[in-house]
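For reference, data-v8.cif (mmCIF, N, CA and C atoms):
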data_input
#
loop_
_atom_site.label_atom_id
_atom_site.label_comp_id
_atom_site.auth_asym_id
_atom_site.auth_seq_id
_atom_site.Cartn_x
_atom_site.Cartn_y
_atom_site.Cartn_z
N GLN L 1 -8.73 16.22 -18.63
CA GLN L 1 -9.20 15.88 -17.31
C GLN L 1 -8.03 15.32 -16.50
N VAL L 2 -7.81 15.90 -15.34
CA VAL L 2 -6.73 15.45 -14.47
C VAL L 2 -7.19 14.24 -13.68
N GLN L 3 -6.31 13.26 -13.56
CA GLN L 3 -6.60 12.09 -12.74
C GLN L 3 -5.63 12.02 -11.58
N LEU L 4 -6.18 11.69 -10.42
CA LEU L 4 -5.37 11.48 -9.22
C LEU L 4 -5.59 10.05 -8.76
N VAL L 5 -4.51 9.32 -8.56
CA VAL L 5 -4.62 7.92 -8.16
C VAL L 5 -3.88 7.72 -6.84
N GLU L 6 -4.64 7.37 -5.80
CA GLU L 6 -4.05 7.14 -4.49
C GLU L 6 -3.66 5.68 -4.32
N SER L 7 -2.66 5.47 -3.51
CA SER L 7 -2.25 4.10 -3.16
C SER L 7 -1.54 4.14 -1.82
N GLY L 8 -1.33 2.96 -1.25
CA GLY L 8 -0.57 2.88 -0.01
C GLY L 8 -1.38 2.62 1.24
N GLY L 9 -2.70 2.63 1.11
CA GLY L 9 -3.53 2.37 2.28
C GLY L 9 -3.45 0.90 2.68
N GLY L 10 -4.02 0.60 3.84
CA GLY L 10 -4.01 -0.77 4.30
C GLY L 10 -4.35 -0.87 5.76
N LEU L 11 -4.10 -2.04 6.31
CA LEU L 11 -4.36 -2.33 7.72
C LEU L 11 -3.04 -2.26 8.48
N VAL L 12 -3.04 -1.52 9.57
CA VAL L 12 -1.83 -1.35 10.36
C VAL L 12 -2.20 -1.33 11.84
N GLN L 13 -1.29 -1.75 12.67
CA GLN L 13 -1.55 -1.73 14.11
C GLN L 13 -1.28 -0.34 14.68
N VAL L 14 -1.86 -0.10 15.84
CA VAL L 14 -1.64 1.17 16.54
C VAL L 14 -0.13 1.40 16.72
N GLY L 15 0.28 2.62 16.41
CA GLY L 15 1.69 2.98 16.52
C GLY L 15 2.48 2.73 15.25
N GLY L 16 1.85 2.08 14.28
CA GLY L 16 2.54 1.78 13.04
C GLY L 16 2.58 2.96 12.08
N SER L 17 3.12 2.69 10.89
CA SER L 17 3.29 3.74 9.89
C SER L 17 2.79 3.27 8.53
N LEU L 18 2.36 4.22 7.74
CA LEU L 18 1.99 3.99 6.35
C LEU L 18 2.41 5.21 5.55
N ARG L 19 2.68 5.01 4.27
CA ARG L 19 2.92 6.14 3.38
C ARG L 19 1.93 6.06 2.23
N LEU L 20 1.12 7.10 2.12
CA LEU L 20 0.17 7.19 1.02
C LEU L 20 0.80 7.95 -0.14
N SER L 21 0.45 7.54 -1.34
CA SER L 21 0.93 8.21 -2.54
C SER L 21 -0.25 8.68 -3.37
N CYS L 22 -0.09 9.81 -4.00
CA CYS L 22 -1.10 10.35 -4.92
C CYS L 22 -0.39 10.70 -6.21
N ALA L 23 -0.59 9.88 -7.23
CA ALA L 23 0.03 10.11 -8.52
C ALA L 23 -0.91 10.91 -9.42
N ALA L 24 -0.41 12.03 -9.92
CA ALA L 24 -1.22 12.91 -10.77
C ALA L 24 -0.89 12.70 -12.24
N SER L 25 -1.89 12.90 -13.09
CA SER L 25 -1.69 12.75 -14.53
C SER L 25 -1.18 14.04 -15.16
N ALA L 26 -0.97 15.07 -14.33
CA ALA L 26 -0.44 16.34 -14.79
C ALA L 26 0.72 16.76 -13.89
N ASP L 27 1.50 17.72 -14.36
CA ASP L 27 2.60 18.24 -13.56
C ASP L 27 2.05 18.86 -12.28
N ILE L 28 2.52 18.38 -11.14
CA ILE L 28 1.92 18.85 -9.89
C ILE L 28 2.27 20.30 -9.58
N PHE L 29 3.32 20.84 -10.19
CA PHE L 29 3.65 22.23 -9.90
C PHE L 29 2.64 23.20 -10.51
N THR L 30 1.76 22.66 -11.38
CA THR L 30 0.72 23.52 -11.97
C THR L 30 -0.43 23.77 -11.01
N PHE L 31 -0.53 22.93 -9.97
CA PHE L 31 -1.60 23.10 -9.00
C PHE L 31 -1.14 24.06 -7.91
N ASN L 32 -1.96 25.02 -7.54
CA ASN L 32 -1.56 25.94 -6.49
C ASN L 32 -1.64 25.30 -5.11
N LEU L 33 -2.45 24.22 -5.00
CA LEU L 33 -2.58 23.55 -3.71
C LEU L 33 -2.91 22.08 -3.93
N MET L 34 -2.23 21.21 -3.19
CA MET L 34 -2.59 19.79 -3.18
C MET L 34 -2.71 19.37 -1.72
N GLY L 35 -3.54 18.36 -1.51
CA GLY L 35 -3.73 17.98 -0.13
C GLY L 35 -4.34 16.61 0.04
N TRP L 36 -4.39 16.21 1.30
CA TRP L 36 -5.02 14.96 1.70
C TRP L 36 -6.18 15.27 2.63
N TYR L 37 -7.28 14.61 2.38
CA TYR L 37 -8.46 14.70 3.23
C TYR L 37 -8.82 13.28 3.64
N ARG L 38 -9.63 13.17 4.68
CA ARG L 38 -10.09 11.84 5.09
C ARG L 38 -11.54 11.90 5.53
N GLN L 39 -12.19 10.74 5.41
CA GLN L 39 -13.59 10.65 5.80
C GLN L 39 -13.81 9.32 6.48
N ALA L 40 -14.22 9.39 7.74
CA ALA L 40 -14.55 8.19 8.49
C ALA L 40 -16.05 7.92 8.34
N PRO L 41 -16.49 6.70 8.53
CA PRO L 41 -17.92 6.38 8.40
C PRO L 41 -18.78 7.25 9.30
N GLY L 42 -19.80 7.84 8.71
CA GLY L 42 -20.72 8.67 9.47
C GLY L 42 -20.21 10.06 9.79
N LYS L 43 -19.04 10.40 9.27
CA LYS L 43 -18.47 11.72 9.55
C LYS L 43 -18.24 12.49 8.26
N GLN L 44 -18.07 13.79 8.40
CA GLN L 44 -17.79 14.63 7.24
C GLN L 44 -16.33 14.49 6.84
N ARG L 45 -16.08 14.75 5.57
CA ARG L 45 -14.71 14.74 5.08
C ARG L 45 -13.96 15.90 5.73
N GLU L 46 -12.74 15.64 6.19
CA GLU L 46 -11.96 16.66 6.87
C GLU L 46 -10.56 16.77 6.27
N LEU L 47 -10.01 17.96 6.38
CA LEU L 47 -8.67 18.21 5.88
C LEU L 47 -7.66 17.54 6.79
N VAL L 48 -6.65 16.93 6.17
CA VAL L 48 -5.56 16.31 6.92
C VAL L 48 -4.30 17.16 6.77
N ALA L 49 -3.92 17.43 5.52
CA ALA L 49 -2.70 18.19 5.27
C ALA L 49 -2.73 18.75 3.86
N THR L 50 -2.10 19.91 3.68
CA THR L 50 -2.00 20.50 2.35
C THR L 50 -0.58 20.98 2.11
N ILE L 51 -0.26 21.11 0.82
CA ILE L 51 1.04 21.63 0.42
C ILE L 51 0.83 22.53 -0.79
N THR L 52 1.46 23.69 -0.76
CA THR L 52 1.32 24.62 -1.87
C THR L 52 2.41 24.37 -2.92
N SER L 53 2.27 25.04 -4.05
CA SER L 53 3.29 24.92 -5.09
C SER L 53 4.63 25.47 -4.62
N GLY L 54 4.59 26.29 -3.57
CA GLY L 54 5.82 26.82 -2.98
C GLY L 54 6.32 26.00 -1.81
N ASP L 55 5.73 24.80 -1.63
CA ASP L 55 6.13 23.86 -0.57
C ASP L 55 5.77 24.32 0.83
N ASN L 56 4.82 25.22 0.96
CA ASN L 56 4.29 25.56 2.28
C ASN L 56 3.28 24.50 2.68
N THR L 57 3.38 24.04 3.92
CA THR L 57 2.52 22.95 4.37
C THR L 57 1.60 23.40 5.50
N ASN L 58 0.50 22.68 5.62
CA ASN L 58 -0.46 22.96 6.67
C ASN L 58 -1.04 21.63 7.13
N TYR L 59 -1.27 21.50 8.44
CA TYR L 59 -1.75 20.23 8.98
C TYR L 59 -2.92 20.45 9.94
N ALA L 60 -3.79 19.48 9.96
CA ALA L 60 -4.82 19.47 10.99
C ALA L 60 -4.14 19.27 12.34
N ASP L 61 -4.70 19.86 13.38
CA ASP L 61 -4.10 19.74 14.71
C ASP L 61 -3.96 18.28 15.14
N SER L 62 -4.91 17.46 14.71
CA SER L 62 -4.93 16.07 15.15
C SER L 62 -3.77 15.24 14.58
N VAL L 63 -3.11 15.74 13.54
CA VAL L 63 -2.04 14.95 12.92
C VAL L 63 -0.68 15.64 13.00
N LYS L 64 -0.65 16.84 13.54
CA LYS L 64 0.63 17.57 13.64
C LYS L 64 1.65 16.76 14.44
N GLY L 65 2.86 16.72 13.90
CA GLY L 65 3.92 15.97 14.56
C GLY L 65 3.93 14.50 14.23
N ARG L 66 2.87 14.00 13.59
CA ARG L 66 2.80 12.58 13.24
C ARG L 66 2.80 12.35 11.73
N PHE L 67 2.17 13.25 11.00
CA PHE L 67 2.04 13.12 9.54
C PHE L 67 2.90 14.16 8.85
N THR L 68 3.42 13.79 7.68
CA THR L 68 4.20 14.71 6.87
C THR L 68 3.77 14.62 5.41
N ILE L 69 3.43 15.77 4.84
CA ILE L 69 3.07 15.82 3.42
C ILE L 69 4.27 16.33 2.63
N SER L 70 4.48 15.74 1.45
CA SER L 70 5.59 16.16 0.60
C SER L 70 5.23 15.90 -0.85
N GLY L 71 5.97 16.55 -1.73
CA GLY L 71 5.72 16.38 -3.16
C GLY L 71 6.99 16.08 -3.91
N ASP L 72 6.88 15.30 -4.95
CA ASP L 72 8.00 14.98 -5.84
C ASP L 72 7.59 15.38 -7.25
N THR L 73 8.10 16.53 -7.71
CA THR L 73 7.70 17.03 -9.02
C THR L 73 8.20 16.13 -10.15
N ALA L 74 9.30 15.44 -9.93
CA ALA L 74 9.82 14.56 -10.97
C ALA L 74 8.88 13.38 -11.22
N LYS L 75 8.19 12.95 -10.16
CA LYS L 75 7.27 11.82 -10.28
C LYS L 75 5.81 12.26 -10.32
N ASN L 76 5.58 13.57 -10.23
CA ASN L 76 4.19 14.09 -10.19
C ASN L 76 3.38 13.37 -9.11
N THR L 77 3.98 13.24 -7.95
CA THR L 77 3.36 12.49 -6.86
C THR L 77 3.46 13.27 -5.57
N VAL L 78 2.39 13.23 -4.81
CA VAL L 78 2.35 13.81 -3.47
C VAL L 78 2.21 12.66 -2.48
N TYR L 79 2.95 12.76 -1.40
CA TYR L 79 2.97 11.70 -0.40
C TYR L 79 2.40 12.20 0.93
N LEU L 80 1.92 11.25 1.71
CA LEU L 80 1.54 11.52 3.09
C LEU L 80 2.16 10.42 3.94
N GLN L 81 3.21 10.79 4.65
CA GLN L 81 3.84 9.86 5.58
C GLN L 81 3.11 9.92 6.91
N MET L 82 2.60 8.79 7.34
CA MET L 82 1.80 8.75 8.57
C MET L 82 2.50 7.86 9.58
N ASN L 83 2.88 8.45 10.69
CA ASN L 83 3.56 7.72 11.77
C ASN L 83 2.70 7.75 13.03
N SER L 84 3.04 6.87 13.94
CA SER L 84 2.34 6.81 15.23
C SER L 84 0.83 6.78 15.04
N LEU L 85 0.38 5.91 14.18
CA LEU L 85 -1.04 5.87 13.83
C LEU L 85 -1.90 5.45 15.00
N LYS L 86 -3.09 6.05 15.04
CA LYS L 86 -4.05 5.81 16.11
C LYS L 86 -5.35 5.25 15.51
N PRO L 87 -6.16 4.59 16.32
CA PRO L 87 -7.45 4.09 15.78
C PRO L 87 -8.31 5.19 15.17
N GLU L 88 -8.23 6.39 15.71
CA GLU L 88 -9.03 7.49 15.17
C GLU L 88 -8.53 7.99 13.82
N ASP L 89 -7.41 7.50 13.36
CA ASP L 89 -6.93 7.82 12.02
C ASP L 89 -7.61 6.94 10.95
N THR L 90 -8.35 5.95 11.38
CA THR L 90 -9.05 5.07 10.46
C THR L 90 -10.05 5.85 9.62
N ALA L 91 -9.90 5.78 8.30
CA ALA L 91 -10.76 6.53 7.39
C ALA L 91 -10.37 6.21 5.97
N ALA L 92 -11.20 6.66 5.05
CA ALA L 92 -10.81 6.68 3.65
C ALA L 92 -10.08 7.99 3.40
N TYR L 93 -8.91 7.90 2.80
CA TYR L 93 -8.08 9.08 2.56
C TYR L 93 -8.14 9.45 1.08
N TYR L 94 -8.38 10.73 0.83
CA TYR L 94 -8.55 11.22 -0.53
C TYR L 94 -7.52 12.30 -0.85
N CYS L 95 -7.01 12.22 -2.05
CA CYS L 95 -6.09 13.23 -2.56
C CYS L 95 -6.89 14.30 -3.28
N ASN L 96 -6.45 15.54 -3.13
CA ASN L 96 -7.12 16.66 -3.78
C ASN L 96 -6.09 17.56 -4.43
N ALA L 97 -6.45 18.10 -5.59
CA ALA L 97 -5.58 19.05 -6.28
C ALA L 97 -6.43 20.23 -6.73
N ARG L 98 -5.96 21.43 -6.44
CA ARG L 98 -6.71 22.63 -6.77
C ARG L 98 -5.95 23.44 -7.81
N LEU L 99 -6.67 23.79 -8.88
CA LEU L 99 -6.07 24.54 -9.98
C LEU L 99 -6.62 25.94 -9.99
N ALA L 100 -5.73 26.92 -9.75
CA ALA L 100 -6.10 28.33 -9.79
C ALA L 100 -7.26 28.64 -8.85
N ASN L 101 -7.40 27.83 -7.79
CA ASN L 101 -8.49 28.01 -6.82
C ASN L 101 -9.87 28.03 -7.47
N ILE L 102 -9.95 27.42 -8.62
CA ILE L 102 -11.21 27.37 -9.35
C ILE L 102 -11.68 25.95 -9.55
N ILE L 103 -10.75 25.10 -9.96
CA ILE L 103 -11.10 23.71 -10.26
C ILE L 103 -10.48 22.82 -9.20
N SER L 104 -11.26 21.86 -8.72
CA SER L 104 -10.80 20.94 -7.70
C SER L 104 -10.95 19.51 -8.20
N TYR L 105 -9.87 18.75 -8.10
CA TYR L 105 -9.89 17.35 -8.54
C TYR L 105 -9.74 16.45 -7.32
N TRP L 106 -10.38 15.30 -7.40
CA TRP L 106 -10.32 14.33 -6.30
C TRP L 106 -9.91 12.96 -6.84
N GLY L 107 -9.19 12.23 -6.01
CA GLY L 107 -8.90 10.83 -6.31
C GLY L 107 -10.04 9.96 -5.81
N GLN L 108 -9.87 8.66 -6.02
CA GLN L 108 -10.94 7.72 -5.67
C GLN L 108 -10.87 7.28 -4.21
N GLY L 109 -9.77 7.57 -3.55
CA GLY L 109 -9.63 7.25 -2.14
C GLY L 109 -8.90 5.95 -1.89
N THR L 110 -8.27 5.90 -0.72
CA THR L 110 -7.60 4.67 -0.28
C THR L 110 -7.90 4.49 1.21
N GLN L 111 -8.21 3.27 1.59
CA GLN L 111 -8.65 3.01 2.96
C GLN L 111 -7.47 2.78 3.88
N VAL L 112 -7.53 3.43 5.02
CA VAL L 112 -6.54 3.20 6.08
C VAL L 112 -7.29 2.71 7.31
N THR L 113 -6.88 1.58 7.83
CA THR L 113 -7.51 1.01 9.02
C THR L 113 -6.43 0.75 10.06
N VAL L 114 -6.63 1.34 11.23
CA VAL L 114 -5.67 1.18 12.32
C VAL L 114 -6.32 0.33 13.40
N SER L 115 -5.74 -0.81 13.67
CA SER L 115 -6.32 -1.75 14.63
C SER L 115 -5.62 -1.61 15.98
N SER L 116 -6.44 -1.76 17.02
CA SER L 116 -5.89 -1.63 18.39
C SER L 116 -5.65 -3.01 19.00
#

Could I get this file's structure written as structure tokens?
Amino acid sequence: QVQLVESGGGLVQVGGSLRLSCAASADIFTFNLMGWYRQAPGKQRELVATITSGDNTNYADSVKGRFTISGDTAKNTVYLQMNSLKPEDTAAYYCNARLANIISYWGQGTQVTVSS
């Protein structure tokens, strides 16, 4: 069973930055896709950013130019660098890893709160 452990969330002011980390219990290059999703209270979980095993990235329009996803295979960790944070970025952020497009693993989530 693969485990994903997120960290790095917290309280930050508008315009601030945070870096989220997702540490995997398996080699991350084995996953064809890893990503970050978020869920605000009363809303559906939404995609934030993804990265493929070939380092191709994809971002939600709402975070383009502000967030950057990256992976470190030596540490089996995927990061989400979040800059210029806005109140609407407030949510629980979840790490996801997809294996062969068949199995999907989720972390427990980390809370990000942006105060105005």

Hey, what does DSSP flag as helix (DSSP H, G or I) within chain L? Can you give it to me as a PyMOL selection string? chain L and resi 28-30+87-89

Hey, what comes out of the PyMOL selection byres ((chain L and resi 33-45) around 6) on this file? Could you write it as a list of chain:residue names?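 Answer for the PyMOL selection byres ((chain L and resi 33-45) around 6): L:Phe31, L:Asn32, L:Glu46, L:Leu47, L:Val48, L:Ala49, L:Thr50, L:Ile51, L:Thr52, L:Ser53, L:Thr90, L:Ala91, L:Ala92, L:Tyr93, L:Tyr94, L:Cys95, L:Asn96, L:Ala97, L:Arg98, L:Leu99.
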
Evaluate the PyMOL selection byres ((chain L and resi 89) around 6.5) and record the selected residues as a compact mmCIF listing (two decimals) with N, CA and C atoms, in the coordinates of the input, following the chain and residue labels used in the document.
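Dumped everything to selection.txt:
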# COMPACT_ATOMS: atom_id res chain seq x y z
N LEU L 85 0.38 5.91 14.18
CA LEU L 85 -1.04 5.87 13.83
C LEU L 85 -1.90 5.45 15.00
N LYS L 86 -3.09 6.05 15.04
CA LYS L 86 -4.05 5.81 16.11
C LYS L 86 -5.35 5.25 15.51
N PRO L 87 -6.16 4.59 16.32
CA PRO L 87 -7.45 4.09 15.78
C PRO L 87 -8.31 5.19 15.17
N GLU L 88 -8.23 6.39 15.71
CA GLU L 88 -9.03 7.49 15.17
C GLU L 88 -8.53 7.99 13.82
N THR L 90 -8.35 5.95 11.38
CA THR L 90 -9.05 5.07 10.46
C THR L 90 -10.05 5.85 9.62
N ALA L 91 -9.90 5.78 8.30
CA ALA L 91 -10.76 6.53 7.39
C ALA L 91 -10.37 6.21 5.97
N VAL L 112 -7.53 3.43 5.02
CA VAL L 112 -6.54 3.20 6.08
C VAL L 112 -7.29 2.71 7.31
N THR L 113 -6.88 1.58 7.83
CA THR L 113 -7.51 1.01 9.02
C THR L 113 -6.43 0.75 10.06
N VAL L 114 -6.63 1.34 11.23
CA VAL L 114 -5.67 1.18 12.32
C VAL L 114 -6.32 0.33 13.40

Selection in question (the file shown): the PyMOL selection byres (((chain L and resi 66 and name CA) around 9) and name CA). Which residues does it include, as a list in words? Ser62, Val63, Lys64, Gly65, Phe67, Thr68, Gln81, Met82, Asn83, Ser84 and Leu85 of chain L

Could you tell me how far atom CA of L:Gly107 lies from atom CA of L:Leu4, in Å and to one decimal?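 Spanning atom CA of L:Gly107 to atom CA of L:Leu4 is a straight-line distance of 4.6 Å.
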
Strand (DSSP E or B) call set, DSSP backbone run, stretch 18-73 of chain L, as number ranges by chain: L: 18-24, 33-39, 46-52, 57-59, 67-72

Would you save the residues from that selection as a PDB file, in the coordinates of the input, using N, CA and C atoms?
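Listing of part21.pdb after writing:
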ATOM      1  N   LEU L  18       2.360   4.220   7.740  1.00  0.00           N
ATOM      2  CA  LEU L  18       1.990   3.990   6.350  1.00  0.00           C
ATOM      3  C   LEU L  18       2.410   5.210   5.550  1.00  0.00           C
ATOM      4  N   ARG L  19       2.680   5.010   4.270  1.00  0.00           N
ATOM      5  CA  ARG L  19       2.920   6.140   3.380  1.00  0.00           C
ATOM      6  C   ARG L  19       1.930   6.060   2.230  1.00  0.00           C
ATOM      7  N   LEU L  20       1.120   7.100   2.120  1.00  0.00           N
ATOM      8  CA  LEU L  20       0.170   7.190   1.020  1.00  0.00           C
ATOM      9  C   LEU L  20       0.800   7.950  -0.140  1.00  0.00           C
ATOM     10  N   SER L  21       0.450   7.540  -1.340  1.00  0.00           N
ATOM     11  CA  SER L  21       0.930   8.210  -2.540  1.00  0.00           C
ATOM     12  C   SER L  21      -0.250   8.680  -3.370  1.00  0.00           C
ATOM     13  N   CYS L  22      -0.090   9.810  -4.000  1.00  0.00           N
ATOM     14  CA  CYS L  22      -1.100  10.350  -4.920  1.00  0.00           C
ATOM     15  C   CYS L  22      -0.390  10.700  -6.210  1.00  0.00           C
ATOM     16  N   ALA L  23      -0.590   9.880  -7.230  1.00  0.00           N
ATOM     17  CA  ALA L  23       0.030  10.110  -8.520  1.00  0.00           C
ATOM     18  C   ALA L  23      -0.910  10.910  -9.420  1.00  0.00           C
ATOM     19  N   ALA L  24      -0.410  12.030  -9.920  1.00  0.00           N
ATOM     20  CA  ALA L  24      -1.220  12.910 -10.770  1.00  0.00           C
ATOM     21  C   ALA L  24      -0.890  12.700 -12.240  1.00  0.00           C
ATOM     22  N   LEU L  33      -2.450  24.220  -5.000  1.00  0.00           N
ATOM     23  CA  LEU L  33      -2.580  23.550  -3.710  1.00  0.00           C
ATOM     24  C   LEU L  33      -2.910  22.080  -3.930  1.00  0.00           C
ATOM     25  N   MET L  34      -2.230  21.210  -3.190  1.00  0.00           N
ATOM     26  CA  MET L  34      -2.590  19.790  -3.180  1.00  0.00           C
ATOM     27  C   MET L  34      -2.710  19.370  -1.720  1.00  0.00           C
ATOM     28  N   GLY L  35      -3.540  18.360  -1.510  1.00  0.00           N
ATOM     29  CA  GLY L  35      -3.730  17.980  -0.130  1.00  0.00           C
ATOM     30  C   GLY L  35      -4.340  16.610   0.040  1.00  0.00           C
ATOM     31  N   TRP L  36      -4.390  16.210   1.300  1.00  0.00           N
ATOM     32  CA  TRP L  36      -5.020  14.960   1.700  1.00  0.00           C
ATOM     33  C   TRP L  36      -6.180  15.270   2.630  1.00  0.00           C
ATOM     34  N   TYR L  37      -7.280  14.610   2.380  1.00  0.00           N
ATOM     35  CA  TYR L  37      -8.460  14.700   3.230  1.00  0.00           C
ATOM     36  C   TYR L  37      -8.820  13.280   3.640  1.00  0.00           C
ATOM     37  N   ARG L  38      -9.630  13.170   4.680  1.00  0.00           N
ATOM     38  CA  ARG L  38     -10.090  11.840   5.090  1.00  0.00           C
ATOM     39  C   ARG L  38     -11.540  11.900   5.530  1.00  0.00           C
ATOM     40  N   GLN L  39     -12.190  10.740   5.410  1.00  0.00           N
ATOM     41  CA  GLN L  39     -13.590  10.650   5.800  1.00  0.00           C
ATOM     42  C   GLN L  39     -13.810   9.320   6.480  1.00  0.00           C
ATOM     43  N   GLU L  46     -12.740  15.640   6.190  1.00  0.00           N
ATOM     44  CA  GLU L  46     -11.960  16.660   6.870  1.00  0.00           C
ATOM     45  C   GLU L  46     -10.560  16.770   6.270  1.00  0.00           C
ATOM     46  N   LEU L  47     -10.010  17.960   6.380  1.00  0.00           N
ATOM     47  CA  LEU L  47      -8.670  18.210   5.880  1.00  0.00           C
ATOM     48  C   LEU L  47      -7.660  17.540   6.790  1.00  0.00           C
ATOM     49  N   VAL L  48      -6.650  16.930   6.170  1.00  0.00           N
ATOM     50  CA  VAL L  48      -5.560  16.310   6.920  1.00  0.00           C
ATOM     51  C   VAL L  48      -4.300  17.160   6.770  1.00  0.00           C
ATOM     52  N   ALA L  49      -3.920  17.430   5.520  1.00  0.00           N
ATOM     53  CA  ALA L  49      -2.700  18.190   5.270  1.00  0.00           C
ATOM     54  C   ALA L  49      -2.730  18.750   3.860  1.00  0.00           C
ATOM     55  N   THR L  50      -2.100  19.910   3.680  1.00  0.00           N
ATOM     56  CA  THR L  50      -2.000  20.500   2.350  1.00  0.00           C
ATOM     57  C   THR L  50      -0.580  20.980   2.110  1.00  0.00           C
ATOM     58  N   ILE L  51      -0.260  21.110   0.820  1.00  0.00           N
ATOM     59  CA  ILE L  51       1.040  21.630   0.420  1.00  0.00           C
ATOM     60  C   ILE L  51       0.830  22.530  -0.790  1.00  0.00           C
ATOM     61  N   THR L  52       1.460  23.690  -0.760  1.00  0.00           N
ATOM     62  CA  THR L  52       1.320  24.620  -1.870  1.00  0.00           C
ATOM     63  C   THR L  52       2.410  24.370  -2.920  1.00  0.00           C
ATOM     64  N   THR L  57       3.380  24.040   3.920  1.00  0.00           N
ATOM     65  CA  THR L  57       2.520  22.950   4.370  1.00  0.00           C
ATOM     66  C   THR L  57       1.600  23.400   5.500  1.00  0.00           C
ATOM     67  N   ASN L  58       0.500  22.680   5.620  1.00  0.00           N
ATOM     68  CA  ASN L  58      -0.460  22.960   6.670  1.00  0.00           C
ATOM     69  C   ASN L  58      -1.040  21.630   7.130  1.00  0.00           C
ATOM     70  N   TYR L  59      -1.270  21.500   8.440  1.00  0.00           N
ATOM     71  CA  TYR L  59      -1.750  20.230   8.980  1.00  0.00           C
ATOM     72  C   TYR L  59      -2.920  20.450   9.940  1.00  0.00           C
ATOM     73  N   PHE L  67       2.170  13.250  11.000  1.00  0.00           N
ATOM     74  CA  PHE L  67       2.040  13.120   9.540  1.00  0.00           C
ATOM     75  C   PHE L  67       2.900  14.160   8.850  1.00  0.00           C
ATOM     76  N   THR L  68       3.420  13.790   7.680  1.00  0.00           N
ATOM     77  CA  THR L  68       4.200  14.710   6.870  1.00  0.00           C
ATOM     78  C   THR L  68       3.770  14.620   5.410  1.00  0.00           C
ATOM     79  N   ILE L  69       3.430  15.770   4.840  1.00  0.00           N
ATOM     80  CA  ILE L  69       3.070  15.820   3.420  1.00  0.00           C
ATOM     81  C   ILE L  69       4.270  16.330   2.630  1.00  0.00           C
ATOM     82  N   SER L  70       4.480  15.740   1.450  1.00  0.00           N
ATOM     83  CA  SER L  70       5.590  16.160   0.600  1.00  0.00           C
ATOM     84  C   SER L  70       5.230  15.900  -0.850  1.00  0.00           C
ATOM     85  N   GLY L  71       5.970  16.550  -1.730  1.00  0.00           N
ATOM     86  CA  GLY L  71       5.720  16.380  -3.160  1.00  0.00           C
ATOM     87  C   GLY L  71       6.990  16.080  -3.910  1.00  0.00           C
ATOM     88  N   ASP L  72       6.880  15.300  -4.950  1.00  0.00           N
ATOM     89  CA  ASP L  72       8.000  14.980  -5.840  1.00  0.00           C
ATOM     90  C   ASP L  72       7.590  15.380  -7.250  1.00  0.00           C
TER      91      ASP L  72
END
